[in-house]
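Okay, upload.txt is below, compact mmCIF, C-alpha atoms:
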# COMPACT_ATOMS: atom_id res chain seq x y z
CA MET A 1 139.24 99.18 99.73
CA GLY A 2 138.63 95.50 98.91
CA ALA A 3 141.23 94.38 101.48
CA LEU A 4 139.62 96.60 104.11
CA LEU A 5 136.17 95.15 103.36
CA ALA A 6 137.48 91.58 103.52
CA ALA A 7 139.16 92.32 106.86
CA ALA A 8 135.91 93.75 108.22
CA VAL A 9 133.98 90.65 107.14
CA MET A 10 136.54 88.35 108.78
CA LEU A 11 136.39 90.37 112.00
CA GLN A 12 132.59 90.13 111.99
CA ALA A 13 132.81 86.35 111.50
CA LEU A 14 135.13 86.09 114.51
CA ILE A 15 132.70 88.08 116.63
CA THR A 16 129.48 86.37 115.55
CA GLY A 17 130.62 82.76 115.09
CA ASP A 18 131.83 80.31 112.44
CA CYS A 19 129.46 81.22 109.59
CA LEU A 20 131.00 81.20 106.12
CA SER A 21 131.49 84.52 104.29
CA CYS A 22 131.05 84.73 100.50
CA GLU A 23 131.05 87.40 97.83
CA GLN A 24 127.55 88.17 96.54
CA CYS A 25 126.68 89.69 93.13
CA PHE A 26 124.41 89.20 90.11
CA ALA A 27 124.99 90.91 86.74
CA LEU A 28 123.49 90.67 83.24
CA HIS A 29 125.34 91.05 79.91
CA THR A 30 128.76 90.37 81.43
CA SER A 31 130.94 87.36 82.19
CA SER A 32 132.07 88.72 85.56
CA CYS A 33 130.67 90.54 88.56
CA SER A 34 131.83 91.86 91.90
CA GLY A 35 129.86 92.85 94.95
CA SER A 36 129.83 92.86 98.72
CA PHE A 37 130.94 90.10 101.03
CA THR A 38 128.14 88.68 103.14
CA GLN A 39 127.92 86.28 106.06
CA CYS A 40 126.00 83.15 105.07
CA PRO A 41 123.30 81.39 107.11
CA PRO A 42 124.63 78.73 109.53
CA ASP A 43 123.61 75.77 107.31
CA VAL A 44 125.64 77.04 104.30
CA THR A 45 128.98 75.26 103.82
CA HIS A 46 130.00 76.52 100.34
CA CYS A 47 130.26 79.68 98.24
CA VAL A 48 129.30 79.53 94.56
CA THR A 49 130.51 81.29 91.41
CA GLY A 50 128.75 80.78 88.11
CA LEU A 51 127.92 81.84 84.60
CA GLU A 52 124.78 81.32 82.53
CA ASN A 53 124.35 81.91 78.80
CA SER A 54 120.84 82.11 77.30
CA THR A 55 120.73 82.53 73.52
CA LEU A 56 117.47 83.00 71.61
CA ARG A 57 118.13 83.44 67.89
CA ASN A 58 120.62 86.35 67.82
CA ASP A 59 119.86 87.58 71.34
CA ILE A 60 122.65 86.47 73.70
CA ILE A 61 122.24 87.14 77.42
CA ILE A 62 125.11 86.28 79.75
CA THR A 63 124.51 86.24 83.50
CA ALA A 64 127.31 86.15 86.09
CA PHE A 65 126.63 85.40 89.74
CA LYS A 66 128.32 84.76 93.10
CA ASP A 67 126.63 83.92 96.38
CA CYS A 68 126.32 81.68 99.40
CA LEU A 69 125.35 78.26 98.02
CA ASP A 70 121.86 77.08 98.83
CA PRO A 71 122.51 73.58 100.30
CA SER A 72 119.76 72.14 98.07
CA GLN A 73 121.81 73.12 94.97
CA LYS A 74 125.04 71.34 95.93
CA ALA A 75 124.50 68.63 93.28
CA ALA A 76 125.16 71.24 90.57
CA CYS A 77 128.62 72.16 91.89
CA GLY A 78 131.47 71.69 89.41
CA ARG A 79 129.09 70.80 86.59
CA ASP A 80 128.08 72.25 83.24
CA PHE A 81 124.55 71.90 81.89
CA TYR A 82 123.70 72.47 78.23
CA TYR A 83 120.45 72.47 76.31
CA THR A 84 120.37 73.24 72.58
CA THR A 85 117.84 73.57 69.78
CA SER A 86 118.45 75.22 66.39
CA VAL A 87 116.88 78.46 67.74
CA PHE A 88 117.54 78.45 71.49
CA SER A 89 120.41 77.35 73.72
CA LEU A 90 121.01 77.47 77.46
CA TRP A 91 124.31 76.79 79.18
CA THR A 92 125.11 77.12 82.87
CA SER A 93 128.27 76.34 84.82
CA ARG A 94 129.04 76.75 88.50
CA THR A 95 132.04 76.28 90.78
CA CYS A 96 131.76 75.84 94.55
CA CYS A 97 134.35 76.30 97.31
CA ASP A 98 134.25 75.95 101.07
CA SER A 99 136.39 78.64 102.70
CA ASP A 100 135.78 82.28 103.63
CA LEU A 101 135.79 84.68 100.66
CA CYS A 102 136.87 81.87 98.30
CA ASN A 103 134.55 82.97 95.49
CA GLY A 104 136.16 86.38 95.00
CA GLY A 105 137.93 87.30 91.77
CA ASP A 106 137.03 86.48 88.16
CA VAL A 107 134.36 83.98 87.18
CA LYS A 108 136.22 81.06 85.59
CA VAL A 109 134.36 78.53 83.47
CA PRO A 110 135.53 75.93 80.93
CA PRO A 111 135.06 76.67 77.20
CA ALA A 112 131.97 75.23 75.55
CA ASP A 113 132.46 72.00 73.59
CA ASP A 114 130.52 72.13 70.30
CA THR A 115 132.20 69.14 68.62
CA PRO A 116 129.58 66.82 67.00
CA ASN A 117 129.34 63.60 69.03
CA GLY A 118 127.36 61.29 66.73
CA TYR A 119 124.03 61.58 68.60
CA ILE A 120 120.80 63.06 67.22
CA CYS A 121 117.48 64.23 68.69
CA GLU A 122 114.18 65.40 67.27
CA GLU A 123 114.05 69.19 67.09
CA CYS A 124 111.36 71.89 67.14
CA PHE A 125 110.78 75.34 68.64
CA ASN A 126 107.65 77.42 69.27
CA ASP A 127 107.59 80.62 71.34
CA GLN A 128 103.86 81.28 70.82
CA SER A 129 102.33 78.34 72.67
CA ALA A 130 102.95 76.01 75.59
CA ASN A 131 101.38 73.11 73.70
CA PRO A 132 104.04 70.50 72.82
CA CYS A 133 105.54 71.25 69.41
CA THR A 134 105.77 68.68 66.64
CA ALA A 135 109.26 67.70 65.48
CA THR A 136 110.30 69.60 62.37
CA GLY A 137 113.63 67.88 61.86
CA VAL A 138 116.64 66.28 63.51
CA LEU A 139 119.34 68.06 65.50
CA GLN A 140 122.99 66.90 65.54
CA CYS A 141 124.09 66.84 69.20
CA SER A 142 127.55 67.96 70.30
CA GLY A 143 129.93 67.86 73.26
CA LYS A 144 128.47 65.92 76.20
CA ARG A 145 124.90 66.40 74.99
CA ASN A 146 123.64 62.83 74.52
CA THR A 147 120.12 63.26 75.92
CA CYS A 148 116.95 64.40 74.13
CA VAL A 149 114.75 66.95 75.93
CA THR A 150 111.13 67.94 75.37
CA PHE A 151 110.00 71.14 77.12
CA SER A 152 106.59 72.83 77.17
CA GLY A 153 105.44 75.55 79.53
CA THR A 154 106.23 79.11 80.57
CA ALA A 155 109.79 80.43 80.73
CA SER A 156 111.67 83.71 80.77
CA ILE A 157 115.17 84.70 79.77
CA PRO A 158 116.91 87.35 81.89
CA GLY A 159 115.40 90.81 81.60
CA GLU A 160 112.22 89.61 79.85
CA ALA A 161 108.74 88.67 81.01
CA GLY A 162 107.69 85.02 81.02
CA ARG A 163 106.03 83.63 77.92
CA SER A 164 104.90 80.31 76.51
CA PHE A 165 107.46 78.02 74.91
CA SER A 166 107.67 74.51 73.59
CA ASP A 167 110.79 72.93 72.15
CA LYS A 168 112.82 69.79 71.61
CA GLY A 169 116.59 69.43 71.43
CA CYS A 170 119.82 67.98 72.83
CA ALA A 171 121.04 68.26 76.43
CA THR A 172 123.65 66.97 78.82
CA PRO A 173 122.72 64.00 81.04
CA ASP A 174 120.86 64.96 84.24
CA TYR A 175 119.61 68.22 82.71
CA CYS A 176 116.05 67.22 83.65
CA LYS A 177 117.02 66.14 87.20
CA ILE A 178 119.54 68.83 88.15
CA GLY A 179 120.15 71.48 85.49
CA VAL A 180 116.75 73.11 85.09
CA PHE A 181 116.34 73.38 88.88
CA ASN A 182 119.56 75.35 89.30
CA LEU A 183 119.00 78.28 86.96
CA LEU A 184 119.51 81.82 88.26
CA GLY A 185 119.18 83.90 85.08
CA ALA A 186 116.60 82.05 82.98
CA GLN A 187 113.50 80.88 84.84
CA VAL A 188 110.90 78.19 84.11
CA TYR A 189 107.39 77.95 85.57
CA ASP A 190 104.42 75.62 85.21
CA TYR A 191 106.12 73.32 82.74
CA THR A 192 106.53 69.75 81.53
CA LEU A 193 110.06 68.45 80.97
CA LYS A 194 111.02 65.03 79.65
CA CYS A 195 114.44 63.52 78.98
CA SER A 196 115.30 60.38 77.00
CA PRO A 197 118.52 58.89 75.57
CA ALA A 198 119.61 60.36 72.24
CA LEU A 199 119.92 58.15 69.16
CA LYS A 200 123.46 57.16 68.18
CA VAL A 201 124.03 57.31 64.44

Re-express the file's structure as structure tokens.
Amino acid sequence: MGALLAAAVMLQALITGDCLSCEQCFALHTSSCSGSFTQCPPDVTHCVTGLENSTLRNDIIITAFKDCLDPSQKAACGRDFYYTTSVFSLWTSRTCCDSDLCNGGDVKVPPADDTPNGYICEECFNDQSANPCTATGVLQCSGKRNTCVTFSGTASIPGEAGRSFSDKGCATPDYCKIGVFNLLGAQVYDYTLKCSPALKV
């Protein structure tokens, strides 16, 4: 059935032009998804496959996705973005490819690196208010997280309504410039986000 569908998509591409074809799916609470193949808009040059993990206390929500890559999100290709507090963490990884149906199959992402790296950031968490929270301690950063982040605003994790949050923690470099703008599961709205270098100890 899958081979027949792929053949039909390729035939349609031959008839209608050179547009790229990609698998398209979105699924919660799983590390893989499969869906239909779709013909992308003419300005799309890549397919994307990705995984997002939002963890709030003991509530872990994994989101898997595949799609035509929005050209404005190309900077996130082949990159992992992490943000961690003692209560909340967000990790997203995406892989991009540039040939027809190249994002089929399993979602493959590298394992998370939680090895302490010698950097620290102020830490706090409040899910009752969008007012900036006051640091309640220091968080040991790990992996490639060597940047301190302060967030305040409205956000939602997959499957839940938006609510007010404020927090501080450790993140990977460029999280403020690229990572938060390329989320598909978790969403942020009407927020303030600041990044600064973490302190080496």

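Candidate residues A:Ala75, A:Ala27, A:Val149, A:Val109 were compared for distance to A:Gly50, and the nearest is A:Val109, using only C-alpha atoms.
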
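Our summary of the geometry notes that atom CA of A:Asp190 is positioned 14.4 Å from atom CA of A:Ala161.
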
Spatial neighbours of A:Thr136, 12 Å, all atoms listed in the file, chain gap at least 6 places, as a PDB file with C-alpha atoms, in the coordinates of the input:
ATOM      1  CA  THR A  85     117.840  73.570  69.780  1.00  0.00           C
ATOM      2  CA  SER A  86     118.450  75.220  66.390  1.00  0.00           C
ATOM      3  CA  CYS A 121     117.480  64.230  68.690  1.00  0.00           C
ATOM      4  CA  GLU A 122     114.180  65.400  67.270  1.00  0.00           C
ATOM      5  CA  GLU A 123     114.050  69.190  67.090  1.00  0.00           C
ATOM      6  CA  CYS A 124     111.360  71.890  67.140  1.00  0.00           C
ATOM      7  CA  PHE A 125     110.780  75.340  68.640  1.00  0.00           C
ATOM      8  CA  ASN A 126     107.650  77.420  69.270  1.00  0.00           C
ATOM      9  CA  ASP A 167     110.790  72.930  72.150  1.00  0.00           C
ATOM     10  CA  LYS A 168     112.820  69.790  71.610  1.00  0.00           C
ATOM     11  CA  GLY A 169     116.590  69.430  71.430  1.00  0.00           C
TER      12      GLY A 169
END

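The space between atom CA of A:Tyr189 and atom CA of A:Ile62 spans 20.4 Å.
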
What's the 10 Å shell around stretch 142-145 of chain A, counting all atoms listed in the file, without same-chain residues fewer than 4 positions away, as a PDB file with C-alpha atoms, in the frame of the given file?
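Ended up saving to part-v3.pdb:
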ATOM      1  CA  ASP A  80     128.080  72.250  83.240  1.00  0.00           C
ATOM      2  CA  PHE A  81     124.550  71.900  81.890  1.00  0.00           C
ATOM      3  CA  TYR A  82     123.700  72.470  78.230  1.00  0.00           C
ATOM      4  CA  TYR A  83     120.450  72.470  76.310  1.00  0.00           C
ATOM      5  CA  THR A  84     120.370  73.240  72.580  1.00  0.00           C
ATOM      6  CA  ALA A 112     131.970  75.230  75.550  1.00  0.00           C
ATOM      7  CA  ASP A 113     132.460  72.000  73.590  1.00  0.00           C
ATOM      8  CA  ASP A 114     130.520  72.130  70.300  1.00  0.00           C
ATOM      9  CA  THR A 115     132.200  69.140  68.620  1.00  0.00           C
ATOM     10  CA  PRO A 116     129.580  66.820  67.000  1.00  0.00           C
ATOM     11  CA  ASN A 117     129.340  63.600  69.030  1.00  0.00           C
ATOM     12  CA  GLY A 118     127.360  61.290  66.730  1.00  0.00           C
ATOM     13  CA  TYR A 119     124.030  61.580  68.600  1.00  0.00           C
ATOM     14  CA  ILE A 120     120.800  63.060  67.220  1.00  0.00           C
ATOM     15  CA  CYS A 121     117.480  64.230  68.690  1.00  0.00           C
ATOM     16  CA  GLY A 169     116.590  69.430  71.430  1.00  0.00           C
ATOM     17  CA  CYS A 170     119.820  67.980  72.830  1.00  0.00           C
ATOM     18  CA  ALA A 171     121.040  68.260  76.430  1.00  0.00           C
ATOM     19  CA  THR A 172     123.650  66.970  78.820  1.00  0.00           C
ATOM     20  CA  PRO A 173     122.720  64.000  81.040  1.00  0.00           C
ATOM     21  CA  TYR A 175     119.610  68.220  82.710  1.00  0.00           C
ATOM     22  CA  PRO A 197     118.520  58.890  75.570  1.00  0.00           C
ATOM     23  CA  ALA A 198     119.610  60.360  72.240  1.00  0.00           C
TER      24      ALA A 198
END

Point to revise | Counting only C-alpha atoms, the residue of A:Ser32, A:Ser54, A:Thr49, A:Gln24 that sits nearest A:Trp91 | key: A:Ser54

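Here atom CA of A:Cys33 stands at a distance of 18.8 Å from atom CA of A:Asn182.
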
Check your understanding: For A:Cys77, which of A:Cys96, A:Cys40, A:Cys102, A:Cys19 is the closest residue, counting only C-alpha atoms?
Key ->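 Of the candidates, the smallest distance to A:Cys77 is held by A:Cys96.
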
Practice item. Take the point (114.9, 75.4, 95.8) in the file's coordinates, draw a sphere of radius 10 Å around it, and report as a ChimeraX atom specification every protein, DNA or RNA residue with an atom inside or on it, counting all atoms listed in the file. Key: /A:70-73,181-182

Review point. Which is closest to A:His29 among A:Val48, A:Val188, A:Ile157, A:Val201, if we use all atoms listed in the file?
Key: A:Ile157

Missing atoms in stretch 42-57 of chain A: fill them in up to N, CA and C atoms and send the result as a PDB file, in the frame of the given file.
ATOM      1  N   PRO A  42     123.833  79.783 108.877  1.00  0.00           N
ATOM      2  CA  PRO A  42     124.630  78.730 109.530  1.00  0.00           C
ATOM      3  C   PRO A  42     124.674  77.404 108.780  1.00  0.00           C
ATOM      4  N   ASP A  43     123.633  77.073 107.996  1.00  0.00           N
ATOM      5  CA  ASP A  43     123.610  75.770 107.310  1.00  0.00           C
ATOM      6  C   ASP A  43     124.365  75.786 105.983  1.00  0.00           C
ATOM      7  N   VAL A  44     124.912  76.938 105.566  1.00  0.00           N
ATOM      8  CA  VAL A  44     125.640  77.040 104.300  1.00  0.00           C
ATOM      9  C   VAL A  44     127.107  76.670 104.512  1.00  0.00           C
ATOM     10  N   THR A  45     127.592  75.743 103.689  1.00  0.00           N
ATOM     11  CA  THR A  45     128.980  75.260 103.820  1.00  0.00           C
ATOM     12  C   THR A  45     129.848  75.635 102.622  1.00  0.00           C
ATOM     13  N   HIS A  46     129.244  76.206 101.555  1.00  0.00           N
ATOM     14  CA  HIS A  46     130.000  76.520 100.340  1.00  0.00           C
ATOM     15  C   HIS A  46     129.574  77.873  99.770  1.00  0.00           C
ATOM     16  N   CYS A  47     130.531  78.511  99.087  1.00  0.00           N
ATOM     17  CA  CYS A  47     130.260  79.680  98.240  1.00  0.00           C
ATOM     18  C   CYS A  47     130.146  79.177  96.801  1.00  0.00           C
ATOM     19  N   VAL A  48     129.456  79.939  95.961  1.00  0.00           N
ATOM     20  CA  VAL A  48     129.300  79.530  94.560  1.00  0.00           C
ATOM     21  C   VAL A  48     129.650  80.697  93.636  1.00  0.00           C
ATOM     22  N   THR A  49     130.227  80.358  92.497  1.00  0.00           N
ATOM     23  CA  THR A  49     130.510  81.290  91.410  1.00  0.00           C
ATOM     24  C   THR A  49     129.993  80.656  90.133  1.00  0.00           C
ATOM     25  N   GLY A  50     129.292  81.409  89.312  1.00  0.00           N
ATOM     26  CA  GLY A  50     128.750  80.780  88.110  1.00  0.00           C
ATOM     27  C   GLY A  50     128.487  81.721  86.967  1.00  0.00           C
ATOM     28  N   LEU A  51     128.202  81.115  85.830  1.00  0.00           N
ATOM     29  CA  LEU A  51     127.920  81.840  84.600  1.00  0.00           C
ATOM     30  C   LEU A  51     126.794  81.115  83.876  1.00  0.00           C
ATOM     31  N   GLU A  52     125.897  81.893  83.281  1.00  0.00           N
ATOM     32  CA  GLU A  52     124.780  81.320  82.530  1.00  0.00           C
ATOM     33  C   GLU A  52     124.663  82.055  81.206  1.00  0.00           C
ATOM     34  N   ASN A  53     124.467  81.319  80.121  1.00  0.00           N
ATOM     35  CA  ASN A  53     124.350  81.910  78.800  1.00  0.00           C
ATOM     36  C   ASN A  53     123.037  81.445  78.178  1.00  0.00           C
ATOM     37  N   SER A  54     122.112  82.391  77.967  1.00  0.00           N
ATOM     38  CA  SER A  54     120.840  82.110  77.300  1.00  0.00           C
ATOM     39  C   SER A  54     120.874  82.766  75.934  1.00  0.00           C
ATOM     40  N   THR A  55     120.700  81.982  74.881  1.00  0.00           N
ATOM     41  CA  THR A  55     120.730  82.530  73.520  1.00  0.00           C
ATOM     42  C   THR A  55     119.438  82.170  72.805  1.00  0.00           C
ATOM     43  N   LEU A  56     118.698  83.194  72.383  1.00  0.00           N
ATOM     44  CA  LEU A  56     117.470  83.000  71.610  1.00  0.00           C
ATOM     45  C   LEU A  56     117.649  83.713  70.283  1.00  0.00           C
ATOM     46  N   ARG A  57     117.783  82.918  69.217  1.00  0.00           N
ATOM     47  CA  ARG A  57     118.130  83.440  67.890  1.00  0.00           C
ATOM     48  C   ARG A  57     119.426  84.243  67.990  1.00  0.00           C
TER      49      ARG A  57
END
